[in-house]
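Structure first, then comments.
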Amino acid sequence: SEKERNQRIAAARAELGDDVLVLGHNYQRREVVEHADEIGDSYQLSEYAAASDAEHVIFCGVTFMAESADLLTDDDQTVYLPSMEASCPMAGMAEALQVDSAWQHITDAVDGDVIPITYMNSYADLKAFCAEHGGLVCTSSNADAAFEWALSRGDAVCFLPDKHLGWNTANAMGLGSQTVEFDPWADEADGEVADADVVLWNGYCQVHERFTAEHVAEARESHPNATVVVHPECRPEVVEAADVTGSTATIRETVTDADPGEAIIVGTEIHLVNHLDRWHDDVDVYPLCGDACMDCNAMRQVDPNYLTWILESLVAGEEHNSVRVDDGVAASAKVALDRMLDL
Ligand code: 13P
Ligand code: SF4
């Protein structure tokens, strides 16, 4: 039962004390985030990992987040992922080998120096590739600062893997008309690619892509006075129709700052919407699309029973599901992350 599991988790945590830090992404289910020391967006969790001295960091999130935590913690700390199946499909849409083989096509097609920026939602070897080509990492909460950083050093940005975050960021910075989606393997480069300031890789989030502008229109009709807040992984037309766009931390702040009785429509992964509804009795929180469950199947792989198993194994002196980035890519990948943390 849940009660019994909670008792087992509490007993293991009491045994491990400060040796263990449990981090939970905002999209994790209630039974997981209830046991997290810190709950946050990708950027906040990477900062918590970097600041922690805990010997064991259990990352309730997806693979790329645990990899980043491993890069940002010391060698004597270990990061664990409760389920090794928790891999973000978007991260798999831009594999380092694939980007490496496309890079010459991209730099040939665009005039001037191209600086790669990868979204946090990518594997460590792509982060390393970006650092080695003069670029960096960003999350949805600092993408604009990363674009500015890159454009002050080069003539154009190549943004990977999320075309929607890339477009929405460029558009908010007034760069919409100089932004193009580019197929590096097309026979002929489109004329406008040469002059582009921002070149987008064709990746996307399968959860956020499902929101449409019609969903926003329907939600506004049902709740005419509501504020609509969405994640920047949504399609441009959804972001344009919304009132506020931002990372999962910004979405949380929007609800936290709402007046009592205010209605907020939230366009993001359903577990965060449910947390916000539960955490804020005085605010009316609605999912942007109530008919379809916008549930991330990667985040869902982390089951509270796996968290229990990792904790009890540590008490027994056993380590399972540790995440270690290969030495060959770790140093460069950390440079890309440090450039982001220094923004
Ligand atoms: P945040 O950085 O906003 O938490 O987003 C992570 C993520 O995976 C969104 O789909
Ligand atoms: Fe990846 Fe989207 Fe899931 Fe975030 S919500 S982990 S981007 S699939």
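Note on naming: chains are A, B, ... as they come in the structure tokens, residues start from 1 per chain, ligands start from 1 in the order shown.
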Within 7 Å of region 109-115 of chain A, which residues of region 141-221 of chain A come that close, and what is the closest atom pair and distance in Å for each? Count only C-alpha atoms and give it as a tab-separated table.
residue	atom	partner	partner_atom	distance
A:Ala150	CA	A:Ile115	CA	6.0
A:Gly154	CA	A:Asp113	CA	5.0
A:Asp155	CA	A:Asp113	CA	5.1
A:Ala156	CA	A:Val114	CA	4.8
A:Val157	CA	A:Ile115	CA	4.9
A:Cys158	CA	A:Ile115	CA	6.0
A:Ala189	CA	A:Ala109	CA	6.2
A:Val193	CA	A:Val110	CA	5.8
A:Ala194	CA	A:Val110	CA	4.1
A:Asp195	CA	A:Asp111	CA	6.2
A:Ala196	CA	A:Val110	CA	6.9
Using N, CA and C atoms, can you export the residues from the last selection as a JSON list (two decimals), in the first residue's frame?
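Here's the written file result.json:
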[["chain", "number", "residue", "atom", "x", "y", "z"],
["A", 150, "ALA", "N", 25.52, 33.58, -27.72],
["A", 150, "ALA", "CA", 26.04, 32.99, -28.96],
["A", 150, "ALA", "C", 26.12, 34.03, -30.07],
["A", 154, "GLY", "N", 29.19, 34.83, -32.59],
["A", 154, "GLY", "CA", 29.14, 34.30, -33.96],
["A", 154, "GLY", "C", 28.08, 35.02, -34.76],
["A", 155, "ASP", "N", 27.88, 34.57, -36.01],
["A", 155, "ASP", "CA", 26.92, 35.26, -36.88],
["A", 155, "ASP", "C", 25.54, 34.62, -36.82],
["A", 156, "ALA", "N", 25.48, 33.35, -36.43],
["A", 156, "ALA", "CA", 24.19, 32.65, -36.40],
["A", 156, "ALA", "C", 24.22, 31.58, -35.32],
["A", 157, "VAL", "N", 23.00, 31.20, -34.89],
["A", 157, "VAL", "CA", 22.83, 30.13, -33.91],
["A", 157, "VAL", "C", 22.24, 28.92, -34.62],
["A", 158, "CYS", "N", 22.72, 27.72, -34.30],
["A", 158, "CYS", "CA", 22.00, 26.51, -34.71],
["A", 158, "CYS", "C", 21.43, 25.92, -33.44],
["A", 189, "ALA", "N", 20.27, 23.96, -50.42],
["A", 189, "ALA", "CA", 19.88, 24.82, -49.30],
["A", 189, "ALA", "C", 18.99, 25.95, -49.82],
["A", 193, "VAL", "N", 18.48, 30.47, -45.97],
["A", 193, "VAL", "CA", 19.34, 29.86, -44.94],
["A", 193, "VAL", "C", 20.66, 30.63, -44.83],
["A", 194, "ALA", "N", 21.18, 31.06, -45.96],
["A", 194, "ALA", "CA", 22.48, 31.74, -45.96],
["A", 194, "ALA", "C", 22.50, 32.95, -45.02],
["A", 195, "ASP", "N", 21.39, 33.70, -45.02],
["A", 195, "ASP", "CA", 21.34, 34.93, -44.21],
["A", 195, "ASP", "C", 20.72, 34.73, -42.83],
["A", 196, "ALA", "N", 20.35, 33.50, -42.51],
["A", 196, "ALA", "CA", 19.62, 33.27, -41.26],
["A", 196, "ALA", "C", 20.45, 33.61, -40.03]]
Identify, counting only C-alpha atoms and all ligand atoms, the protein, DNA and RNA residues located within 6 Å of ligand 1, and give them as a ChimeraX atom specification.
/A:41-43,139-140,247-248
Go ahead and save the residues from that selection, with C-alpha atoms, as a short mmCIF file (atom, residue, chain, number, x, y, z; two decimals), in the first residue's frame.
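Final file, selection.cif:
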data_model
loop_
_atom_site.label_atom_id
_atom_site.label_comp_id
_atom_site.auth_asym_id
_atom_site.auth_seq_id
_atom_site.Cartn_x
_atom_site.Cartn_y
_atom_site.Cartn_z
CA ASP A 41 12.45 22.80 -13.42
CA SER A 42 15.48 21.52 -15.32
CA TYR A 43 17.56 24.59 -14.53
CA THR A 139 17.08 25.40 -20.61
CA SER A 140 13.70 26.93 -21.33
CA SER A 247 9.54 27.00 -18.06
CA THR A 248 7.82 24.77 -15.55
#
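Those protein and nucleic acid residues that have any atom within 9 Å of ligand 2 are, using only C-alpha atoms and all ligand atoms, Tyr27, Gly61, Val62, Thr63, Phe64, Ala86, Ser87, Cys88, Pro89, Met90, Ala91, Asn121, Asp162, Tyr204, Cys205, Gln206, Val207, His208, Glu209, Glu233, Thr268, Glu269, Met294, Asp295, Cys296, Asn297, Ala298, Met299 and Arg300 of chain A.
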Any chance you could export the current selection's C-alpha atoms as a CSV table (one decimal), in the first residue's frame?
chain,number,residue,atom,x,y,z
A,27,TYR,CA,6.5,16.5,-14.1
A,61,GLY,CA,13.4,12.8,-13.8
A,62,VAL,CA,14.7,11.6,-17.2
A,63,THR,CA,18.2,10.4,-18.4
A,64,PHE,CA,19.5,13.8,-19.7
A,86,ALA,CA,13.1,7.2,-18.5
A,87,SER,CA,14.5,8.7,-21.7
A,88,CYS,CA,13.1,11.9,-23.2
A,89,PRO,CA,12.2,11.1,-26.9
A,90,MET,CA,13.1,14.7,-27.9
A,91,ALA,CA,16.7,14.1,-26.7
A,121,ASN,CA,17.0,18.0,-23.3
A,162,ASP,CA,13.6,21.6,-30.1
A,204,TYR,CA,10.0,18.5,-30.9
A,205,CYS,CA,8.3,17.4,-27.7
A,206,GLN,CA,5.6,14.8,-28.4
A,207,VAL,CA,3.6,16.0,-25.4
A,208,HIS,CA,3.6,19.7,-26.0
A,209,GLU,CA,3.2,19.4,-29.7
A,233,GLU,CA,7.9,23.7,-26.2
A,268,THR,CA,1.9,21.6,-20.0
A,269,GLU,CA,2.4,18.0,-18.9
A,294,MET,CA,-0.9,15.2,-21.9
A,295,ASP,CA,1.2,12.7,-20.0
A,296,CYS,CA,4.9,12.3,-20.6
A,297,ASN,CA,5.7,8.6,-21.0
A,298,ALA,CA,9.4,9.2,-20.2
A,299,MET,CA,8.7,10.9,-16.9
A,300,ARG,CA,6.1,8.3,-16.0
Counting only C-alpha atoms, what is within 7 Å of region 223-226 of chain A, bar same-chain residues fewer than 4 positions away, as number ranges by chain?
A: 219, 262-265
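The shortest atom-to-atom distance to Ala36 (chain A), with only C-alpha atoms taken into account, belongs to A:Val20 out of A:Leu314, A:Ala131, A:Val20, A:Val255.
Atom pair CA of Glu318 (chain A) / CA of Leu81 (chain A) has a distance of 14.3 Å (rounded to one decimal).
For region 12-102 of chain A, backbone-based DSSP assignment of strand (DSSP E) covers Val20, Leu21, Val22, Leu23, Gly24, His25, Glu38, Ile39, Gly40, His56, Val57, Ile58, Phe59, Cys60, Thr78, Val79 and Tyr80 of chain A.
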Within 9 Å of Ala94 (chain A) using only C-alpha atoms, minus same-chain residues under 5 positions, as a ChimeraX atom specification
/A:99,122-123,126,160-161,201-203
For the residues in that selection, give me N, CA and C atoms as a CSV table (one decimal), in the first residue's frame.
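Dumped to again_26.csv:
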chain,number,residue,atom,x,y,z
A,99,VAL,N,24.2,14.8,-35.6
A,99,VAL,CA,24.5,16.2,-35.7
A,99,VAL,C,25.9,16.4,-36.2
A,122,SER,N,19.0,16.9,-24.1
A,122,SER,CA,19.9,16.3,-25.1
A,122,SER,C,20.9,15.5,-24.3
A,123,TYR,N,21.5,14.5,-25.0
A,123,TYR,CA,22.5,13.7,-24.3
A,123,TYR,C,23.9,14.4,-24.1
A,126,LEU,N,26.1,15.3,-27.1
A,126,LEU,CA,25.7,16.5,-27.9
A,126,LEU,C,26.1,17.7,-27.2
A,160,LEU,N,19.3,23.2,-31.2
A,160,LEU,CA,19.0,21.8,-31.2
A,160,LEU,C,18.3,21.4,-29.9
A,161,PRO,N,17.6,20.3,-29.7
A,161,PRO,CA,16.8,19.7,-30.8
A,161,PRO,C,15.4,20.3,-31.0
A,201,TRP,N,16.9,22.9,-35.8
A,201,TRP,CA,16.9,21.4,-36.0
A,201,TRP,C,15.5,21.0,-35.9
A,202,ASN,N,15.1,19.9,-36.6
A,202,ASN,CA,13.7,19.5,-36.6
A,202,ASN,C,13.4,18.5,-35.5
A,203,GLY,N,13.5,18.9,-34.2
A,203,GLY,CA,13.1,18.1,-33.1
A,203,GLY,C,11.9,18.7,-32.4
Need to verify the contact set: Ile39 (chain A), 10 Å, only C-alpha atoms, exclusion of same-chain residues closer than 4 positions in sequence. Can you return it as a PyMOL selection string?
chain A and resi 22-28+33-35+44-45+48+60+249
Output N, CA and C atoms for every residue in the selection just made, as a PDB file, in the first residue's frame.
ATOM      1  N   VAL A  22      17.187  13.790  -2.705  1.00  0.00           N
ATOM      2  CA  VAL A  22      16.220  13.337  -3.721  1.00  0.00           C
ATOM      3  C   VAL A  22      15.705  14.563  -4.467  1.00  0.00           C
ATOM      4  N   LEU A  23      15.928  14.577  -5.785  1.00  0.00           N
ATOM      5  CA  LEU A  23      15.459  15.675  -6.629  1.00  0.00           C
ATOM      6  C   LEU A  23      14.277  15.185  -7.464  1.00  0.00           C
ATOM      7  N   GLY A  24      13.266  16.024  -7.599  1.00  0.00           N
ATOM      8  CA  GLY A  24      12.090  15.611  -8.388  1.00  0.00           C
ATOM      9  C   GLY A  24      11.726  16.683  -9.400  1.00  0.00           C
ATOM     10  N   HIS A  25      11.624  16.297 -10.663  1.00  0.00           N
ATOM     11  CA  HIS A  25      11.176  17.268 -11.674  1.00  0.00           C
ATOM     12  C   HIS A  25       9.674  17.532 -11.491  1.00  0.00           C
ATOM     13  N   ASN A  26       9.275  18.740 -11.882  1.00  0.00           N
ATOM     14  CA  ASN A  26       7.874  19.154 -11.759  1.00  0.00           C
ATOM     15  C   ASN A  26       6.886  18.193 -12.433  1.00  0.00           C
ATOM     16  N   TYR A  27       7.348  17.406 -13.405  1.00  0.00           N
ATOM     17  CA  TYR A  27       6.451  16.484 -14.127  1.00  0.00           C
ATOM     18  C   TYR A  27       6.347  15.104 -13.464  1.00  0.00           C
ATOM     19  N   GLN A  28       7.037  14.905 -12.368  1.00  0.00           N
ATOM     20  CA  GLN A  28       6.944  13.599 -11.713  1.00  0.00           C
ATOM     21  C   GLN A  28       5.598  13.459 -10.998  1.00  0.00           C
ATOM     22  N   VAL A  33       7.024  13.133  -6.114  1.00  0.00           N
ATOM     23  CA  VAL A  33       7.452  14.470  -5.645  1.00  0.00           C
ATOM     24  C   VAL A  33       7.236  14.640  -4.140  1.00  0.00           C
ATOM     25  N   GLU A  34       6.305  13.879  -3.579  1.00  0.00           N
ATOM     26  CA  GLU A  34       6.102  13.982  -2.129  1.00  0.00           C
ATOM     27  C   GLU A  34       7.342  13.563  -1.339  1.00  0.00           C
ATOM     28  N   HIS A  35       8.231  12.824  -1.978  1.00  0.00           N
ATOM     29  CA  HIS A  35       9.442  12.373  -1.286  1.00  0.00           C
ATOM     30  C   HIS A  35      10.683  13.156  -1.696  1.00  0.00           C
ATOM     31  N   GLN A  44      16.643  24.696 -12.284  1.00  0.00           N
ATOM     32  CA  GLN A  44      16.751  24.703 -10.814  1.00  0.00           C
ATOM     33  C   GLN A  44      17.353  23.394 -10.303  1.00  0.00           C
ATOM     34  N   LEU A  45      16.931  22.274 -10.880  1.00  0.00           N
ATOM     35  CA  LEU A  45      17.437  20.987 -10.392  1.00  0.00           C
ATOM     36  C   LEU A  45      18.929  20.838 -10.694  1.00  0.00           C
ATOM     37  N   TYR A  48      20.589  22.759  -7.961  1.00  0.00           N
ATOM     38  CA  TYR A  48      20.570  22.020  -6.691  1.00  0.00           C
ATOM     39  C   TYR A  48      21.620  20.922  -6.702  1.00  0.00           C
ATOM     40  N   CYS A  60      14.842  12.012  -9.725  1.00  0.00           N
ATOM     41  CA  CYS A  60      13.553  11.543 -10.240  1.00  0.00           C
ATOM     42  C   CYS A  60      13.197  12.439 -11.421  1.00  0.00           C
ATOM     43  N   ALA A 249       9.078  26.227 -14.008  1.00  0.00           N
ATOM     44  CA  ALA A 249       9.186  27.098 -12.821  1.00  0.00           C
ATOM     45  C   ALA A 249       8.336  28.355 -13.023  1.00  0.00           C
TER      46      ALA A 249
END
Give me the residues near Arg339 (chain A) as an mmCIF file with C-alpha atoms, in the first residue's frame, where near means some atom within 10 Å (using only C-alpha atoms) and where sequence neighbours in that chain fewer than 2 positions away do not count.
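That gives us result37.cif:
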data_model
loop_
_atom_site.group_PDB
_atom_site.id
_atom_site.type_symbol
_atom_site.label_atom_id
_atom_site.label_comp_id
_atom_site.auth_asym_id
_atom_site.auth_seq_id
_atom_site.Cartn_x
_atom_site.Cartn_y
_atom_site.Cartn_z
ATOM 1 C CA ALA A 131 31.137 23.084 -26.334
ATOM 2 C CA GLY A 135 28.523 26.736 -28.083
ATOM 3 C CA LEU A 136 26.638 25.956 -24.909
ATOM 4 C CA VAL A 137 23.556 24.454 -23.260
ATOM 5 C CA CYS A 138 20.372 26.259 -22.274
ATOM 6 C CA ALA A 146 22.036 31.768 -24.426
ATOM 7 C CA TRP A 149 25.663 34.917 -25.691
ATOM 8 C CA LYS A 334 30.611 20.152 -18.429
ATOM 9 C CA VAL A 335 32.078 23.181 -20.232
ATOM 10 C CA ALA A 336 28.763 23.550 -22.130
ATOM 11 C CA LEU A 337 26.805 23.344 -18.859
ATOM 12 C CA LEU A 341 25.332 28.390 -15.386
ATOM 13 C CA ASP A 342 27.601 31.422 -15.884
ATOM 14 C CA LEU A 343 25.103 33.252 -18.124
#
Return as CSV the residues of region 154-272 of chain A lying at most 12 Å from region 279-290 of chain A, together with the closest atom-to-atom pair for each and the distance in Å to one decimal, counting only C-alpha atoms, with rows in chain order and ascending residue number.
residue,atom,partner,partner_atom,distance
A:Val207,CA,A:Cys289,CA,11.5
A:His208,CA,A:Leu288,CA,10.7
A:Arg210,CA,A:Cys289,CA,9.3
A:Phe211,CA,A:Cys289,CA,7.2
A:Thr212,CA,A:Cys289,CA,8.9
A:Ala213,CA,A:Leu288,CA,10.3
A:Glu214,CA,A:Cys289,CA,9.7
A:His215,CA,A:Cys289,CA,6.0
A:Val216,CA,A:Leu288,CA,6.7
A:Ala217,CA,A:Leu288,CA,9.8
A:Glu218,CA,A:Cys289,CA,8.8
A:Ala219,CA,A:Leu288,CA,6.4
A:Arg220,CA,A:Leu288,CA,9.3
A:Glu221,CA,A:Leu288,CA,11.7
A:Ser222,CA,A:Tyr286,CA,10.3
A:His223,CA,A:Tyr286,CA,9.2
A:Asn225,CA,A:Asp284,CA,11.1
A:Ala226,CA,A:Asp284,CA,8.8
A:Thr227,CA,A:Val285,CA,9.8
A:Val228,CA,A:Leu288,CA,7.9
A:Val229,CA,A:Leu288,CA,8.8
A:Val230,CA,A:Leu288,CA,8.4
A:His231,CA,A:Leu288,CA,11.1
A:Cys234,CA,A:Leu288,CA,11.5
A:Val238,CA,A:Leu288,CA,10.4
A:Ala241,CA,A:Leu288,CA,11.9
A:Ala242,CA,A:Leu288,CA,10.3
A:Ile251,CA,A:Val285,CA,11.3
A:Arg252,CA,A:Trp279,CA,10.0
A:Glu253,CA,A:His280,CA,11.4
A:Thr254,CA,A:Val283,CA,10.7
A:Val255,CA,A:Val283,CA,7.3
A:Thr256,CA,A:His280,CA,7.4
A:Asp257,CA,A:Val283,CA,9.8
A:Ala258,CA,A:Val283,CA,7.0
A:Asp259,CA,A:Val283,CA,7.2
A:Pro260,CA,A:Asp282,CA,5.0
A:Gly261,CA,A:Val283,CA,5.2
A:Glu262,CA,A:Val283,CA,5.4
A:Ala263,CA,A:Asp284,CA,4.5
A:Ile264,CA,A:Val285,CA,5.0
A:Ile265,CA,A:Tyr286,CA,4.7
A:Val266,CA,A:Pro287,CA,5.1
A:Gly267,CA,A:Leu288,CA,4.8
A:Thr268,CA,A:Leu288,CA,7.7
A:Glu269,CA,A:Pro287,CA,8.9
A:Ile270,CA,A:Pro287,CA,7.1
A:His271,CA,A:Pro287,CA,10.0
A:Leu272,CA,A:Pro287,CA,9.6
Please dump the current selection as a compact mmCIF listing (two decimals), in the first residue's frame; keep N, CA and C atoms.
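Listed below is the output, result-v4.txt:
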# COMPACT_ATOMS: atom_id res chain seq x y z
N VAL A 207 4.75 15.59 -26.27
CA VAL A 207 3.65 15.96 -25.36
C VAL A 207 3.16 17.37 -25.72
N HIS A 208 4.07 18.33 -25.73
CA HIS A 208 3.65 19.73 -25.96
C HIS A 208 3.18 19.99 -27.38
N ARG A 210 1.18 18.38 -28.99
CA ARG A 210 -0.23 18.02 -29.14
C ARG A 210 -1.19 19.16 -28.80
N PHE A 211 -0.70 20.20 -28.15
CA PHE A 211 -1.58 21.35 -27.90
C PHE A 211 -1.75 22.16 -29.18
N THR A 212 -2.98 22.64 -29.41
CA THR A 212 -3.25 23.43 -30.61
C THR A 212 -3.85 24.79 -30.22
N ALA A 213 -3.86 25.70 -31.21
CA ALA A 213 -4.47 27.02 -30.97
C ALA A 213 -5.97 26.86 -30.69
N GLU A 214 -6.59 25.81 -31.26
CA GLU A 214 -8.03 25.56 -31.01
C GLU A 214 -8.24 25.23 -29.53
N HIS A 215 -7.31 24.49 -28.95
CA HIS A 215 -7.43 24.18 -27.51
C HIS A 215 -7.47 25.48 -26.71
N VAL A 216 -6.63 26.43 -27.10
CA VAL A 216 -6.59 27.72 -26.36
C VAL A 216 -7.93 28.44 -26.54
N ALA A 217 -8.42 28.47 -27.79
CA ALA A 217 -9.70 29.17 -28.06
C ALA A 217 -10.84 28.51 -27.27
N GLU A 218 -10.88 27.19 -27.25
CA GLU A 218 -11.95 26.48 -26.52
C GLU A 218 -11.84 26.74 -25.02
N ALA A 219 -10.62 26.71 -24.49
CA ALA A 219 -10.43 26.93 -23.05
C ALA A 219 -10.84 28.34 -22.67
N ARG A 220 -10.52 29.31 -23.54
CA ARG A 220 -10.91 30.70 -23.24
C ARG A 220 -12.43 30.86 -23.28
N GLU A 221 -13.07 30.10 -24.15
CA GLU A 221 -14.53 30.18 -24.22
C GLU A 221 -15.15 29.62 -22.93
N SER A 222 -14.58 28.53 -22.43
CA SER A 222 -15.11 27.93 -21.19
C SER A 222 -14.79 28.78 -19.96
N HIS A 223 -13.63 29.47 -19.97
CA HIS A 223 -13.20 30.25 -18.80
C HIS A 223 -12.74 31.63 -19.29
N ASN A 225 -12.34 34.61 -18.21
CA ASN A 225 -11.45 35.52 -17.47
C ASN A 225 -10.11 34.89 -17.10
N ALA A 226 -9.88 33.68 -17.57
CA ALA A 226 -8.68 32.96 -17.14
C ALA A 226 -7.41 33.46 -17.83
N THR A 227 -6.29 33.29 -17.15
CA THR A 227 -4.96 33.52 -17.74
C THR A 227 -4.49 32.19 -18.32
N VAL A 228 -3.94 32.24 -19.54
CA VAL A 228 -3.44 31.00 -20.16
C VAL A 228 -1.92 31.01 -20.10
N VAL A 229 -1.34 30.01 -19.45
CA VAL A 229 0.12 29.91 -19.37
C VAL A 229 0.55 28.59 -20.01
N VAL A 230 1.56 28.67 -20.88
CA VAL A 230 2.01 27.47 -21.60
C VAL A 230 3.54 27.36 -21.56
N HIS A 231 4.01 26.16 -21.82
CA HIS A 231 5.46 25.90 -21.89
C HIS A 231 5.96 26.26 -23.30
N CYS A 234 5.63 24.34 -26.72
CA CYS A 234 4.39 24.29 -27.50
C CYS A 234 4.63 24.92 -28.87
N VAL A 238 0.33 28.28 -30.49
CA VAL A 238 -0.18 28.10 -29.12
C VAL A 238 0.44 29.16 -28.21
N ALA A 241 -1.08 32.48 -28.81
CA ALA A 241 -2.46 32.62 -28.29
C ALA A 241 -2.48 32.68 -26.75
N ALA A 242 -1.35 32.36 -26.10
CA ALA A 242 -1.31 32.31 -24.63
C ALA A 242 -1.00 33.70 -24.06
N ILE A 251 5.70 28.56 -14.89
CA ILE A 251 4.29 28.13 -14.80
C ILE A 251 3.87 28.06 -13.33
N ARG A 252 4.75 27.49 -12.50
CA ARG A 252 4.45 27.42 -11.06
C ARG A 252 4.29 28.81 -10.46
N GLU A 253 5.22 29.72 -10.83
CA GLU A 253 5.15 31.10 -10.29
C GLU A 253 3.85 31.78 -10.69
N THR A 254 3.40 31.54 -11.93
CA THR A 254 2.17 32.19 -12.41
C THR A 254 1.00 31.78 -11.53
N VAL A 255 0.96 30.52 -11.13
CA VAL A 255 -0.15 30.07 -10.29
C VAL A 255 0.06 30.56 -8.85
N THR A 256 1.29 30.52 -8.37
CA THR A 256 1.57 30.98 -7.00
C THR A 256 1.22 32.46 -6.84
N ASP A 257 1.50 33.26 -7.89
CA ASP A 257 1.25 34.70 -7.81
C ASP A 257 -0.20 35.09 -8.12
N ALA A 258 -1.04 34.12 -8.48
CA ALA A 258 -2.43 34.45 -8.85
C ALA A 258 -3.21 34.92 -7.62
N ASP A 259 -4.21 35.76 -7.87
CA ASP A 259 -5.08 36.23 -6.77
C ASP A 259 -6.06 35.12 -6.40
N PRO A 260 -6.54 35.12 -5.15
CA PRO A 260 -7.54 34.11 -4.77
C PRO A 260 -8.75 34.20 -5.71
N GLY A 261 -9.22 33.06 -6.16
CA GLY A 261 -10.39 33.02 -7.04
C GLY A 261 -10.04 33.15 -8.51
N GLU A 262 -8.75 33.45 -8.83
CA GLU A 262 -8.36 33.59 -10.22
C GLU A 262 -8.34 32.22 -10.92
N ALA A 263 -8.62 32.25 -12.22
CA ALA A 263 -8.58 31.00 -12.99
C ALA A 263 -7.33 31.00 -13.88
N ILE A 264 -6.61 29.88 -13.88
CA ILE A 264 -5.40 29.76 -14.71
C ILE A 264 -5.53 28.47 -15.54
N ILE A 265 -5.34 28.61 -16.84
CA ILE A 265 -5.36 27.45 -17.74
C ILE A 265 -3.90 27.13 -18.05
N VAL A 266 -3.53 25.86 -17.81
CA VAL A 266 -2.11 25.51 -17.90
C VAL A 266 -1.86 24.52 -19.05
N GLY A 267 -0.99 24.93 -19.98
CA GLY A 267 -0.65 24.06 -21.12
C GLY A 267 0.70 23.43 -20.93
N THR A 268 0.70 22.32 -20.20
CA THR A 268 1.94 21.56 -20.04
C THR A 268 1.59 20.15 -19.60
N GLU A 269 2.62 19.39 -19.26
CA GLU A 269 2.45 17.98 -18.85
C GLU A 269 1.45 17.89 -17.68
N ILE A 270 0.60 16.90 -17.74
CA ILE A 270 -0.57 16.86 -16.85
C ILE A 270 -0.21 16.72 -15.36
N HIS A 271 0.90 16.07 -15.04
CA HIS A 271 1.21 15.91 -13.61
C HIS A 271 1.46 17.25 -12.93
N LEU A 272 2.13 18.17 -13.64
CA LEU A 272 2.35 19.50 -13.04
C LEU A 272 1.01 20.23 -12.88
Within region 22-253 of chain A, find each residue whose DSSP state, derived from the backbone, is helix (DSSP H, G or I), and express the selection as a PyMOL selection string.
chain A and resi 30-33+42-51+63-72+91-93+96-109+124-132+143-151+163-172+176-178+191-194+208-210+213-222+236-241+248-253
